[in-house]
file structure36.txt (compact mmCIF, C-alpha atoms and all ligand atoms)
# COMPACT_ATOMS: atom_id res chain seq x y z
CA MET Z 902 -56.56 321.86 92.77
CA LYS Z 903 -55.69 323.25 89.31
CA ILE Z 904 -54.92 321.34 86.10
CA ALA Z 905 -53.67 322.83 82.81
CA VAL Z 906 -53.81 321.19 79.40
CA LEU Z 907 -51.87 321.79 76.17
CA THR Z 908 -51.55 320.28 72.71
CA SER Z 909 -48.10 320.04 71.14
CA GLY Z 910 -46.24 318.74 68.10
CA GLY Z 911 -48.15 317.78 64.96
CA ASP Z 912 -51.89 318.34 65.28
CA ALA Z 913 -54.11 315.27 65.18
CA PRO Z 914 -57.87 314.81 64.85
CA GLY Z 915 -59.26 314.01 68.28
CA MET Z 916 -56.96 316.36 70.19
CA ASN Z 917 -59.95 318.62 70.79
CA ALA Z 918 -61.97 315.73 72.17
CA ALA Z 919 -59.13 315.04 74.61
CA VAL Z 920 -58.94 318.71 75.65
CA ARG Z 921 -62.70 318.71 76.21
CA ALA Z 922 -62.51 315.57 78.34
CA VAL Z 923 -59.67 316.98 80.46
CA VAL Z 924 -61.47 320.28 81.09
CA ARG Z 925 -64.87 318.75 81.77
CA THR Z 926 -63.56 315.93 83.96
CA ALA Z 927 -61.52 318.40 85.99
CA ILE Z 928 -64.57 320.60 86.54
CA HIS Z 929 -66.62 317.49 87.38
CA TYR Z 930 -64.20 316.79 90.25
CA GLY Z 931 -64.15 320.42 91.41
CA ILE Z 932 -60.70 321.03 89.92
CA GLU Z 933 -60.00 324.34 88.15
CA ALA Z 934 -59.10 323.88 84.47
CA TYR Z 935 -56.57 325.96 82.51
CA ALA Z 936 -55.63 325.88 78.83
CA VAL Z 937 -52.13 326.63 77.58
CA MET Z 938 -52.16 328.06 74.05
CA ASN Z 939 -49.75 326.90 71.30
CA GLY Z 940 -48.03 324.05 73.12
CA TYR Z 941 -44.77 324.57 75.00
CA LYS Z 942 -44.38 327.96 73.30
CA GLY Z 943 -47.46 329.27 75.10
CA LEU Z 944 -46.20 327.77 78.33
CA VAL Z 945 -42.91 329.64 78.01
CA ASP Z 946 -44.71 332.87 76.97
CA GLY Z 947 -47.22 332.52 79.82
CA ASP Z 948 -50.25 332.26 77.50
CA ILE Z 949 -52.38 330.33 79.99
CA ARG Z 950 -56.16 330.87 80.27
CA LYS Z 951 -58.77 329.67 82.71
CA PHE Z 952 -61.29 327.43 80.94
CA GLU Z 953 -64.91 326.72 81.85
CA ARG Z 954 -67.23 324.00 80.58
CA ASN Z 955 -68.48 326.15 77.70
CA ASP Z 956 -64.98 326.95 76.46
CA VAL Z 957 -64.78 323.39 75.19
CA GLY Z 958 -68.29 323.25 73.73
CA MET Z 959 -68.72 322.39 70.04
CA ILE Z 960 -65.15 321.12 69.64
CA LEU Z 961 -65.59 317.34 69.99
CA ASN Z 962 -66.07 316.94 66.25
CA ARG Z 963 -63.45 319.45 65.10
CA GLY Z 964 -60.11 318.46 63.59
CA GLY Z 965 -56.85 320.18 64.48
CA THR Z 966 -56.58 321.69 67.94
CA ILE Z 967 -58.41 324.78 69.20
CA LEU Z 968 -55.54 325.39 71.63
CA GLY Z 969 -53.08 325.65 68.75
CA SER Z 970 -49.82 323.77 68.53
CA ALA Z 971 -46.25 324.86 67.94
CA ARG Z 972 -42.76 323.47 67.73
CA LEU Z 973 -40.23 325.04 70.08
CA GLU Z 974 -36.77 323.57 69.71
CA GLU Z 975 -35.47 325.82 72.54
CA PHE Z 976 -37.66 323.92 75.00
CA LYS Z 977 -34.78 321.44 75.26
CA GLN Z 978 -32.83 324.14 77.12
CA LEU Z 979 -33.18 324.21 80.90
CA GLU Z 980 -33.37 328.05 81.10
CA VAL Z 981 -36.26 328.08 78.62
CA ARG Z 982 -38.15 325.36 80.50
CA GLN Z 983 -37.54 327.28 83.75
CA LYS Z 984 -39.72 330.11 82.36
CA ALA Z 985 -42.52 327.58 81.80
CA VAL Z 986 -42.13 326.23 85.33
CA ASP Z 987 -42.26 329.79 86.73
CA HIS Z 988 -45.52 330.55 84.89
CA LEU Z 989 -47.13 327.38 86.23
CA LYS Z 990 -45.93 328.14 89.75
CA ALA Z 991 -47.23 331.72 89.55
CA LEU Z 992 -50.71 330.36 88.85
CA SER Z 993 -50.33 327.54 91.45
CA ILE Z 994 -51.10 324.92 88.79
CA ASP Z 995 -50.71 321.43 90.25
CA ALA Z 996 -50.45 319.39 87.07
CA LEU Z 997 -50.08 319.74 83.32
CA VAL Z 998 -51.71 317.36 80.82
CA THR Z 999 -49.75 317.31 77.56
CA ILE Z 1000 -51.31 315.92 74.40
CA GLY Z 1001 -48.87 315.10 71.59
CA GLY Z 1002 -46.27 312.71 70.25
CA ASP Z 1003 -42.99 311.42 71.59
CA GLY Z 1004 -41.31 314.85 71.37
CA THR Z 1005 -44.08 316.21 73.56
CA TYR Z 1006 -43.55 313.30 75.98
CA ARG Z 1007 -39.83 314.15 76.18
CA GLY Z 1008 -40.65 317.75 77.01
CA ALA Z 1009 -43.14 316.56 79.64
CA ALA Z 1010 -40.61 314.15 81.17
CA ASP Z 1011 -38.06 316.99 81.36
CA LEU Z 1012 -40.62 319.16 83.16
CA CYS Z 1013 -41.25 316.30 85.60
CA ASP Z 1014 -37.52 316.32 86.40
CA MET Z 1015 -38.02 319.98 87.38
CA GLY Z 1016 -40.83 319.09 89.77
CA VAL Z 1017 -43.85 319.73 87.52
CA ASN Z 1018 -46.40 316.93 87.51
CA CYS Z 1019 -47.03 316.19 83.81
CA MET Z 1020 -49.30 313.60 82.24
CA GLY Z 1021 -48.93 312.53 78.62
CA ILE Z 1022 -51.79 311.67 76.26
CA PRO Z 1023 -50.77 310.18 72.90
CA GLY Z 1024 -52.06 312.47 70.14
CA THR Z 1025 -50.46 311.92 66.74
CA ILE Z 1026 -51.57 310.50 63.40
CA ASP Z 1027 -48.30 308.54 63.16
CA ASN Z 1028 -49.13 305.86 65.76
CA ASP Z 1029 -45.46 305.97 66.75
CA ILE Z 1030 -45.88 305.81 70.52
CA ALA Z 1031 -45.18 302.18 71.39
CA SER Z 1032 -46.57 302.32 74.93
CA THR Z 1033 -50.10 302.53 73.48
CA GLU Z 1034 -51.69 300.32 70.86
CA TYR Z 1035 -53.23 303.28 69.03
CA THR Z 1036 -52.70 307.03 69.26
CA ILE Z 1037 -55.46 309.62 69.00
CA GLY Z 1038 -55.76 310.67 65.35
CA PHE Z 1039 -54.37 307.51 63.77
CA PHE Z 1040 -57.69 306.02 62.65
CA THR Z 1041 -58.94 309.32 61.25
CA ALA Z 1042 -55.76 309.73 59.20
CA LEU Z 1043 -56.07 306.11 58.12
CA ASN Z 1044 -59.62 306.70 56.87
CA THR Z 1045 -58.45 309.77 54.95
CA ALA Z 1046 -55.58 307.83 53.40
CA ILE Z 1047 -57.89 304.97 52.38
CA ASP Z 1048 -60.39 307.39 50.88
CA CYS Z 1049 -57.62 309.00 48.81
CA ILE Z 1050 -56.17 305.66 47.68
CA ASP Z 1051 -59.64 304.49 46.63
CA LYS Z 1052 -59.90 307.58 44.45
CA LEU Z 1053 -56.43 307.07 43.00
CA ARG Z 1054 -57.35 303.46 42.26
CA ASP Z 1055 -60.30 304.56 40.10
CA THR Z 1056 -57.94 306.43 37.79
CA SER Z 1057 -55.28 303.76 38.03
CA PHE Z 1058 -57.78 301.12 36.89
CA SER Z 1059 -59.33 303.26 34.16
CA HIS Z 1060 -55.95 304.13 32.61
CA GLN Z 1061 -54.23 300.79 33.34
CA ARG Z 1062 -51.62 302.50 35.43
CA CYS Z 1063 -49.42 301.79 38.38
CA THR Z 1064 -49.88 304.36 41.14
CA VAL Z 1065 -47.25 305.12 43.74
CA VAL Z 1066 -48.59 306.95 46.78
CA GLU Z 1067 -46.57 308.40 49.65
CA LEU Z 1068 -48.15 308.48 53.10
CA MET Z 1069 -47.11 310.15 56.35
CA GLY Z 1070 -45.97 308.43 59.54
CA ARG Z 1071 -42.58 309.96 60.24
CA HIS Z 1072 -40.50 306.84 60.94
CA CYS Z 1073 -43.42 304.56 61.72
CA GLY Z 1074 -44.88 302.46 58.90
CA ASP Z 1075 -48.25 301.81 60.58
CA LEU Z 1076 -50.25 304.33 58.56
CA SER Z 1077 -48.84 302.83 55.34
CA ILE Z 1078 -49.34 299.16 56.16
CA PHE Z 1079 -52.82 299.67 57.66
CA ALA Z 1080 -53.83 301.79 54.65
CA GLY Z 1081 -52.21 299.30 52.28
CA VAL Z 1082 -54.20 296.36 53.64
CA ALA Z 1083 -57.44 298.32 53.97
CA SER Z 1084 -57.25 299.67 50.41
CA GLY Z 1085 -56.09 296.45 48.75
CA SER Z 1086 -52.76 297.91 47.69
CA GLU Z 1087 -50.36 295.42 46.16
CA ILE Z 1088 -47.07 296.64 47.61
CA VAL Z 1089 -46.20 298.53 50.82
CA ILE Z 1090 -42.72 299.94 51.43
CA THR Z 1091 -41.88 301.05 54.97
CA GLU Z 1092 -38.90 301.05 57.32
CA GLU Z 1093 -40.23 297.73 58.60
CA THR Z 1094 -40.15 296.08 55.14
CA GLY Z 1095 -37.14 297.93 53.78
CA PHE Z 1096 -36.93 298.72 50.06
CA HIS Z 1097 -35.90 295.77 47.92
CA ARG Z 1098 -35.79 297.34 44.48
CA GLU Z 1099 -35.55 294.13 42.40
CA ASP Z 1100 -38.37 292.41 44.29
CA VAL Z 1101 -40.67 295.40 43.87
CA LEU Z 1102 -39.92 295.84 40.17
CA ASP Z 1103 -40.22 292.09 39.46
CA LYS Z 1104 -43.55 291.84 41.24
CA ILE Z 1105 -44.94 294.75 39.24
CA ARG Z 1106 -43.55 293.39 35.97
CA LYS Z 1107 -45.14 289.99 36.63
CA ALA Z 1108 -48.47 291.68 37.35
CA LYS Z 1109 -48.20 293.54 34.05
CA GLN Z 1110 -47.43 290.30 32.21
CA MET Z 1111 -50.49 288.72 33.81
CA LYS Z 1112 -52.55 291.60 32.35
CA LYS Z 1113 -53.38 293.15 35.71
CA ARG Z 1114 -54.96 296.51 34.92
CA HIS Z 1115 -53.52 298.45 37.81
CA MET Z 1116 -51.17 298.37 40.76
CA ILE Z 1117 -51.01 300.49 43.92
CA VAL Z 1118 -47.68 300.89 45.70
CA VAL Z 1119 -47.83 302.58 49.12
CA VAL Z 1120 -44.59 304.16 50.33
CA ALA Z 1121 -44.04 305.56 53.82
CA GLU Z 1122 -42.47 309.02 53.93
CA HIS Z 1123 -38.65 309.21 54.29
CA MET Z 1124 -38.20 305.90 52.44
CA LEU Z 1125 -37.41 307.05 48.91
CA ASP Z 1126 -38.24 309.57 46.19
CA VAL Z 1127 -41.64 308.37 44.94
CA PHE Z 1128 -41.32 310.30 41.66
CA ALA Z 1129 -38.00 308.61 40.89
CA LEU Z 1130 -39.52 305.23 41.80
CA ALA Z 1131 -42.47 305.87 39.47
CA GLN Z 1132 -40.04 306.54 36.61
CA GLU Z 1133 -38.11 303.36 37.41
CA ILE Z 1134 -41.29 301.30 37.47
CA GLU Z 1135 -42.37 302.73 34.12
CA ASP Z 1136 -38.97 302.06 32.53
CA TYR Z 1137 -38.63 298.53 33.92
CA THR Z 1138 -42.18 297.19 33.73
CA GLY Z 1139 -43.90 299.02 30.89
CA TYR Z 1140 -46.67 300.18 33.25
CA GLU Z 1141 -47.53 303.82 32.85
CA THR Z 1142 -46.88 305.05 36.41
CA ARG Z 1143 -47.80 308.14 38.40
CA ALA Z 1144 -46.73 309.22 41.89
CA THR Z 1145 -48.79 311.18 44.41
CA VAL Z 1146 -47.66 312.58 47.75
CA LEU Z 1147 -50.74 312.85 49.97
CA GLY Z 1148 -49.10 315.23 52.45
CA TYR Z 1149 -51.02 317.31 54.94
CA VAL Z 1150 -54.53 316.28 53.88
CA GLN Z 1151 -53.85 313.26 56.11
CA ARG Z 1152 -53.61 315.45 59.21
CA GLY Z 1153 -56.90 317.31 59.21
CA GLY Z 1154 -60.57 316.54 59.17
CA THR Z 1155 -63.30 315.60 61.55
CA PRO Z 1156 -62.17 312.87 63.96
CA ALA Z 1157 -63.41 309.31 63.45
CA ALA Z 1158 -65.62 307.77 66.13
CA TYR Z 1159 -62.77 305.67 67.54
CA ASP Z 1160 -60.52 308.72 67.98
CA ARG Z 1161 -63.26 310.68 69.74
CA ILE Z 1162 -63.91 307.84 72.16
CA LEU Z 1163 -60.22 307.10 72.77
CA ALA Z 1164 -59.57 310.81 73.36
CA SER Z 1165 -62.54 311.16 75.71
CA LYS Z 1166 -61.46 308.15 77.77
CA MET Z 1167 -57.81 309.18 77.89
CA GLY Z 1168 -58.61 312.79 78.82
CA THR Z 1169 -60.74 311.64 81.73
CA TYR Z 1170 -58.15 309.07 82.78
CA ALA Z 1171 -55.36 311.68 82.84
CA VAL Z 1172 -57.33 313.89 85.22
CA GLU Z 1173 -58.15 310.93 87.44
CA LEU Z 1174 -54.44 310.06 87.61
CA VAL Z 1175 -53.74 313.58 88.89
CA ARG Z 1176 -56.65 313.41 91.34
CA ASP Z 1177 -55.34 310.07 92.65
CA GLY Z 1178 -51.85 311.48 93.23
CA ALA Z 1179 -49.92 309.92 90.32
CA PHE Z 1180 -46.82 311.79 89.09
CA GLY Z 1181 -45.45 311.92 85.54
CA HIS Z 1182 -47.47 309.26 83.78
CA ALA Z 1183 -48.33 308.51 80.16
CA VAL Z 1184 -51.85 307.33 79.37
CA CYS Z 1185 -51.96 304.16 77.24
CA ALA Z 1186 -54.60 301.97 75.63
CA ARG Z 1187 -54.49 298.32 74.69
CA GLY Z 1188 -57.71 296.76 73.44
CA ILE Z 1189 -60.46 298.27 75.55
CA GLU Z 1190 -58.23 298.77 78.57
CA ILE Z 1191 -56.88 302.22 79.50
CA PHE Z 1192 -53.87 302.25 81.80
CA SER Z 1193 -50.75 304.31 82.46
CA MET Z 1194 -47.02 304.02 83.04
CA PRO Z 1195 -44.27 306.49 83.95
CA LEU Z 1196 -43.43 308.84 81.04
CA ARG Z 1197 -39.78 307.75 80.75
CA GLU Z 1198 -40.85 304.11 80.77
CA ALA Z 1199 -43.38 304.86 78.03
CA LEU Z 1200 -40.66 306.54 75.96
CA ALA Z 1201 -38.46 303.44 76.30
CA VAL Z 1202 -41.05 300.90 75.07
CA LYS Z 1203 -39.88 299.28 71.83
CA ARG Z 1204 -42.32 299.25 68.97
CA LYS Z 1205 -43.58 295.86 67.79
CA ARG Z 1206 -44.02 295.15 64.10
CA THR Z 1207 -47.71 294.80 63.28
CA ASP Z 1208 -48.81 291.38 61.99
CA LEU Z 1209 -50.61 293.12 59.10
CA TYR Z 1210 -47.45 292.68 56.99
CA GLU Z 1211 -48.07 288.93 56.93
CA TYR Z 1212 -51.67 289.46 55.80
CA LEU Z 1213 -50.52 291.71 52.97
CA GLU Z 1214 -48.18 288.97 51.72
CA LYS Z 1215 -51.07 286.55 51.45
CA ILE Z 1216 -53.86 288.71 50.08
CA SER Z 1217 -52.26 291.36 47.86
P1 LIG S 1301 -44.43 315.34 68.60
O1 LIG S 1301 -44.82 315.65 70.00
O2 LIG S 1301 -45.60 315.22 67.68
O3 LIG S 1301 -43.45 314.19 68.51
P2 LIG S 1301 -42.19 317.18 68.20
O4 LIG S 1301 -41.17 316.10 68.08
O5 LIG S 1301 -42.09 318.33 67.28
O6 LIG S 1301 -43.69 316.63 68.01
O7 LIG S 1301 -42.15 317.70 69.72
C1 LIG S 1301 -43.03 318.71 70.14
C2 LIG S 1301 -42.29 319.68 71.02
O8 LIG S 1301 -41.84 319.02 72.20
C3 LIG S 1301 -41.02 320.28 70.43
O9 LIG S 1301 -41.28 321.36 69.57
C4 LIG S 1301 -40.28 320.73 71.67
O10 LIG S 1301 -40.82 321.95 72.15
C5 LIG S 1301 -40.63 319.62 72.65
N1 LIG S 1301 -39.56 318.61 72.72
C6 LIG S 1301 -39.26 317.69 71.78
N2 LIG S 1301 -38.19 316.95 72.14
C7 LIG S 1301 -37.81 317.40 73.35
C8 LIG S 1301 -36.76 317.04 74.25
N3 LIG S 1301 -35.88 316.07 73.98
N4 LIG S 1301 -36.67 317.75 75.41
C9 LIG S 1301 -37.54 318.75 75.68
N5 LIG S 1301 -38.53 319.12 74.86
C10 LIG S 1301 -38.68 318.48 73.72
call {"tool": "encode", "arguments": {"input": "structure36.txt", "output": "structure tokens", "more": "lines below"}}
Ligand code: ADP
result
Amino acid sequence: MKIAVLTSGGDAPGMNAAVRAVVRTAIHYGIEAYAVMNGYKGLVDGDIRKFERNDVGMILNRGGTILGSARLEEFKQLEVRQKAVDHLKALSIDALVTIGGDGTYRGAADLCDMGVNCMGIPGTIDNDIASTEYTIGFFTALNTAIDCIDKLRDTSFSHQRCTVVELMGRHCGDLSIFAGVASGSEIVITEETGFHREDVLDKIRKAKQMKKRHMIVVVAEHMLDVFALAQEIEDYTGYETRATVLGYVQRGGTPAAYDRILASKMGTYAVELVRDGAFGHAVCARGIEIFSMPLREALAVKRKRTDLYEYLEKIS
């Protein structure tokens, strides 16, 4: 038997740990392991290499992905995917483990429709795959965001300022609300909360009147222009206000313990699914349980709003 693995979409800390687990578990079961470089692009170009145990040594603790990642819009076209299928067939590869976000899952599901057995492992800092409680990379990005907000808070407090900070997450507010609660931020604005301008400005003005030295407002990306909001806050509340966009620092860095363990378990589980004859599944985690469901089913799961929003209301 032969199994290939690739990483695709936005890189996430812990992807390497998942690659390592896939390769080593495969070899453990006497299955040949292959790595596809640069996501679906490498699959289409035929950049597929045989991997041995040592090829995944010293990568467990490394951020990013040693396999490289790429975005290939053309992969949505059948003729382009056919090239990928042909390369896999030429090497007699039985299954492909894809590590990435929901775009990666869609690509994998499309390959399944063409007869390729694909498994999906959720690797994204956005935590936007509803079929799993947490995605690989989320907790590392969260720690980075908290670390940055703590630093911003030092200046905010010293200068009696309001700080507006924009976090990543694509269209999922989890990174923002988790970071907001964990850093003691006063206000969090995400797609889940919506942006209620008057409420936000009034809350900040009241805090100013009560002589609060500083305020932190966390805003999820794609919600609003944080620099314009900072100006509005300053004009309306009298707080000196600064905006910071954290950007790509949230993506990198050495993976947190939880992400390494989640990735290791999921990588092993994906290989065992293949070994046991499953076809086209997504690996999921809820609490300590690892399980799987068909890729298309996983893509259709609706995301639940985290209860952390209610905590923020009470303790901010
Ligand atoms: P993520 O996997 O992190 O969500 P993207 O949305 O960029 O990242 O998806 C990664 C890659 O998956 C894309 O560059 C593309 O090659 C492939 N892909 C995304 N959506 C589809 C789709 N609907 N059909 C086929 N392939 C897709």
call {"tool": "residues_near_ligand", "arguments": {"input": "structure36.txt", "ligand": "ligand LIG 1301 (chain S)", "cutoff": "7 Å", "atoms": "all atoms listed in the file", "output": "PyMOL selection string"}}
result
chain Z and resi 909-911+941+971-977+1001-1008+1011+1025
call {"tool": "write_last_selection", "arguments": {"input": "structure36.txt", "atoms": "C-alpha atoms", "output": "PDB file, keeping the file's coordinate frame"}}
result
ATOM      1  CA  SER Z 909     -48.100 320.040  71.140  1.00  0.00           C
ATOM      2  CA  GLY Z 910     -46.240 318.740  68.100  1.00  0.00           C
ATOM      3  CA  GLY Z 911     -48.150 317.780  64.960  1.00  0.00           C
ATOM      4  CA  TYR Z 941     -44.770 324.570  75.000  1.00  0.00           C
ATOM      5  CA  ALA Z 971     -46.250 324.860  67.940  1.00  0.00           C
ATOM      6  CA  ARG Z 972     -42.760 323.470  67.730  1.00  0.00           C
ATOM      7  CA  LEU Z 973     -40.230 325.040  70.080  1.00  0.00           C
ATOM      8  CA  GLU Z 974     -36.770 323.570  69.710  1.00  0.00           C
ATOM      9  CA  GLU Z 975     -35.470 325.820  72.540  1.00  0.00           C
ATOM     10  CA  PHE Z 976     -37.660 323.920  75.000  1.00  0.00           C
ATOM     11  CA  LYS Z 977     -34.780 321.440  75.260  1.00  0.00           C
ATOM     12  CA  GLY Z1001     -48.870 315.100  71.590  1.00  0.00           C
ATOM     13  CA  GLY Z1002     -46.270 312.710  70.250  1.00  0.00           C
ATOM     14  CA  ASP Z1003     -42.990 311.420  71.590  1.00  0.00           C
ATOM     15  CA  GLY Z1004     -41.310 314.850  71.370  1.00  0.00           C
ATOM     16  CA  THR Z1005     -44.080 316.210  73.560  1.00  0.00           C
ATOM     17  CA  TYR Z1006     -43.550 313.300  75.980  1.00  0.00           C
ATOM     18  CA  ARG Z1007     -39.830 314.150  76.180  1.00  0.00           C
ATOM     19  CA  GLY Z1008     -40.650 317.750  77.010  1.00  0.00           C
ATOM     20  CA  ASP Z1011     -38.060 316.990  81.360  1.00  0.00           C
ATOM     21  CA  THR Z1025     -50.460 311.920  66.740  1.00  0.00           C
TER      22      THR Z1025
END
call {"tool": "closest_residue", "arguments": {"input": "structure36.txt", "among": "Z:Ile1117, Z:Leu1102, Z:Val1202, Z:Ala1009", "to": "Gly1181 (chain Z)", "atoms": "only C-alpha atoms"}}
result
Z:Ala1009
call {"tool": "atom_distance", "arguments": {"input": "structure36.txt", "atom1": "CA of Met902 (chain Z)", "atom2": "CA of Asp1177 (chain Z)"}}
result
11.9 Å
call {"tool": "atom_distance", "arguments": {"input": "structure36.txt", "atom1": "CA of Phe1079 (chain Z)", "atom2": "CA of Leu1125 (chain Z)"}}
result
19.2 Å
call {"tool": "atom_distance", "arguments": {"input": "structure36.txt", "atom1": "CA of Tyr1170 (chain Z)", "atom2": "CA of Lys903 (chain Z)"}}
result
15.8 Å
call {"tool": "residues_near_point", "arguments": {"input": "structure36.txt", "point": "(-53.6, 326.6, 76.3)", "cutoff": "12 Å", "atoms": "all atoms listed in the file", "output": "PyMOL selection string"}}
result
chain Z and resi 904-909+917+920+924+934-952+956-957+966-971+989+997-1000
call {"tool": "residues_around", "arguments": {"input": "structure36.txt", "residues": "Ala913 (chain Z)", "least_positions_apart": "5", "cutoff": "10 Å", "atoms": "all atoms listed in the file", "output": "PyMOL selection string"}}
result
chain Z and resi 908+964-966+1000-1002+1023-1027+1036-1039+1041-1042+1151-1156+1160
call {"tool": "residues_around", "arguments": {"input": "structure36.txt", "residues": "region 1129-1131 of chain Z", "least_positions_apart": "4", "cutoff": "12 Å", "atoms": "only C-alpha atoms", "output": "PyMOL selection string"}}
result
chain Z and resi 1062-1067+1090+1096-1099+1101-1102+1105+1116-1120+1124-1125+1135-1146
call {"tool": "closest_residue", "arguments": {"input": "structure36.txt", "among": "Z:Phe1180, Z:Thr1045, Z:Glu933, Z:Tyr1035", "to": "Leu992 (chain Z)", "atoms": "all atoms listed in the file"}}
result
Z:Glu933
call {"tool": "residues_around", "arguments": {"input": "structure36.txt", "residues": "Thr1169 (chain Z)", "least_positions_apart": "2", "cutoff": "12 Å", "atoms": "all atoms listed in the file", "output": "PyMOL selection string"}}
result
chain Z and resi 918-930+998+1020+1022+1162-1167+1171-1176+1184+1191-1192
call {"tool": "residues_around", "arguments": {"input": "structure36.txt", "residues": "Lys1203 (chain Z)", "least_positions_apart": "2", "cutoff": "8 Å", "atoms": "all atoms listed in the file", "output": "number ranges by chain"}}
result
Z: 1031-1032, 1201, 1205
call {"tool": "axis_aligned_box", "arguments": {"input": "structure36.txt", "around": "region 926-939 of chain Z", "padding_each_side": "5 Å", "output": "AutoDock Vina command-line options"}}
result
--center_x -58.2 --center_y 322.0 --center_z 81.4 --size_x 26.9 --size_y 22.1 --size_z 30.1
call {"tool": "closest_residue", "arguments": {"input": "structure36.txt", "among": "Z:Lys1052, Z:Arg1187, Z:Arg1197, Z:Arg1206", "to": "Ile1078 (chain Z)", "atoms": "only C-alpha atoms"}}
result
Z:Arg1206
call {"tool": "decode", "arguments": {"input": "structure36.txt", "residues": "region 1175-1180 of chain Z", "atoms": "all heavy atoms", "output": "mmCIF file, in the first residue's frame"}}
result
data_model
loop_
_atom_site.group_PDB
_atom_site.id
_atom_site.type_symbol
_atom_site.label_atom_id
_atom_site.label_comp_id
_atom_site.auth_asym_id
_atom_site.auth_seq_id
_atom_site.Cartn_x
_atom_site.Cartn_y
_atom_site.Cartn_z
ATOM 1 N N VAL Z 1175 -7.326 4.767 6.356
ATOM 2 C CA VAL Z 1175 -6.961 4.207 5.042
ATOM 3 C C VAL Z 1175 -6.728 2.697 5.187
ATOM 4 O O VAL Z 1175 -7.249 1.890 4.418
ATOM 5 C CB VAL Z 1175 -5.702 4.894 4.478
ATOM 6 C CG1 VAL Z 1175 -5.260 4.209 3.185
ATOM 7 C CG2 VAL Z 1175 -5.956 6.372 4.234
ATOM 8 N N ARG Z 1176 -5.947 2.346 6.192
ATOM 9 C CA ARG Z 1176 -5.606 0.927 6.413
ATOM 10 C C ARG Z 1176 -6.876 0.090 6.609
ATOM 11 O O ARG Z 1176 -6.981 -1.038 6.142
ATOM 12 C CB ARG Z 1176 -4.708 0.818 7.652
ATOM 13 C CG ARG Z 1176 -4.223 -0.576 7.967
ATOM 14 C CD ARG Z 1176 -3.793 -0.682 9.408
ATOM 15 N NE ARG Z 1176 -4.873 -0.312 10.329
ATOM 16 C CZ ARG Z 1176 -4.881 -0.564 11.626
ATOM 17 N NH1 ARG Z 1176 -3.865 -1.153 12.192
ATOM 18 N NH2 ARG Z 1176 -5.906 -0.193 12.389
ATOM 19 N N ASP Z 1177 -7.883 0.702 7.276
ATOM 20 C CA ASP Z 1177 -9.120 -0.024 7.568
ATOM 21 C C ASP Z 1177 -10.129 0.043 6.426
ATOM 22 O O ASP Z 1177 -11.279 -0.396 6.577
ATOM 23 C CB ASP Z 1177 -9.754 0.513 8.858
ATOM 24 C CG ASP Z 1177 -8.845 0.252 10.058
ATOM 25 O OD1 ASP Z 1177 -7.917 -0.575 9.937
ATOM 26 O OD2 ASP Z 1177 -9.054 0.892 11.106
ATOM 27 N N GLY Z 1178 -9.757 0.680 5.318
ATOM 28 C CA GLY Z 1178 -10.611 0.651 4.130
ATOM 29 C C GLY Z 1178 -11.623 1.784 4.024
ATOM 30 O O GLY Z 1178 -12.523 1.737 3.194
ATOM 31 N N ALA Z 1179 -11.499 2.830 4.857
ATOM 32 C CA ALA Z 1179 -12.426 3.970 4.748
ATOM 33 C C ALA Z 1179 -12.128 4.742 3.464
ATOM 34 O O ALA Z 1179 -11.015 4.707 2.943
ATOM 35 C CB ALA Z 1179 -12.280 4.880 5.958
ATOM 36 N N PHE Z 1180 -13.136 5.458 2.956
ATOM 37 C CA PHE Z 1180 -12.958 6.243 1.719
ATOM 38 C C PHE Z 1180 -13.482 7.669 1.935
ATOM 39 O O PHE Z 1180 -14.637 7.853 2.337
ATOM 40 C CB PHE Z 1180 -13.709 5.575 0.564
ATOM 41 C CG PHE Z 1180 -13.442 6.220 -0.771
ATOM 42 C CD1 PHE Z 1180 -12.410 5.755 -1.590
ATOM 43 C CD2 PHE Z 1180 -14.203 7.306 -1.201
ATOM 44 C CE1 PHE Z 1180 -12.149 6.365 -2.813
ATOM 45 C CE2 PHE Z 1180 -13.947 7.923 -2.415
ATOM 46 C CZ PHE Z 1180 -12.921 7.439 -3.232
#
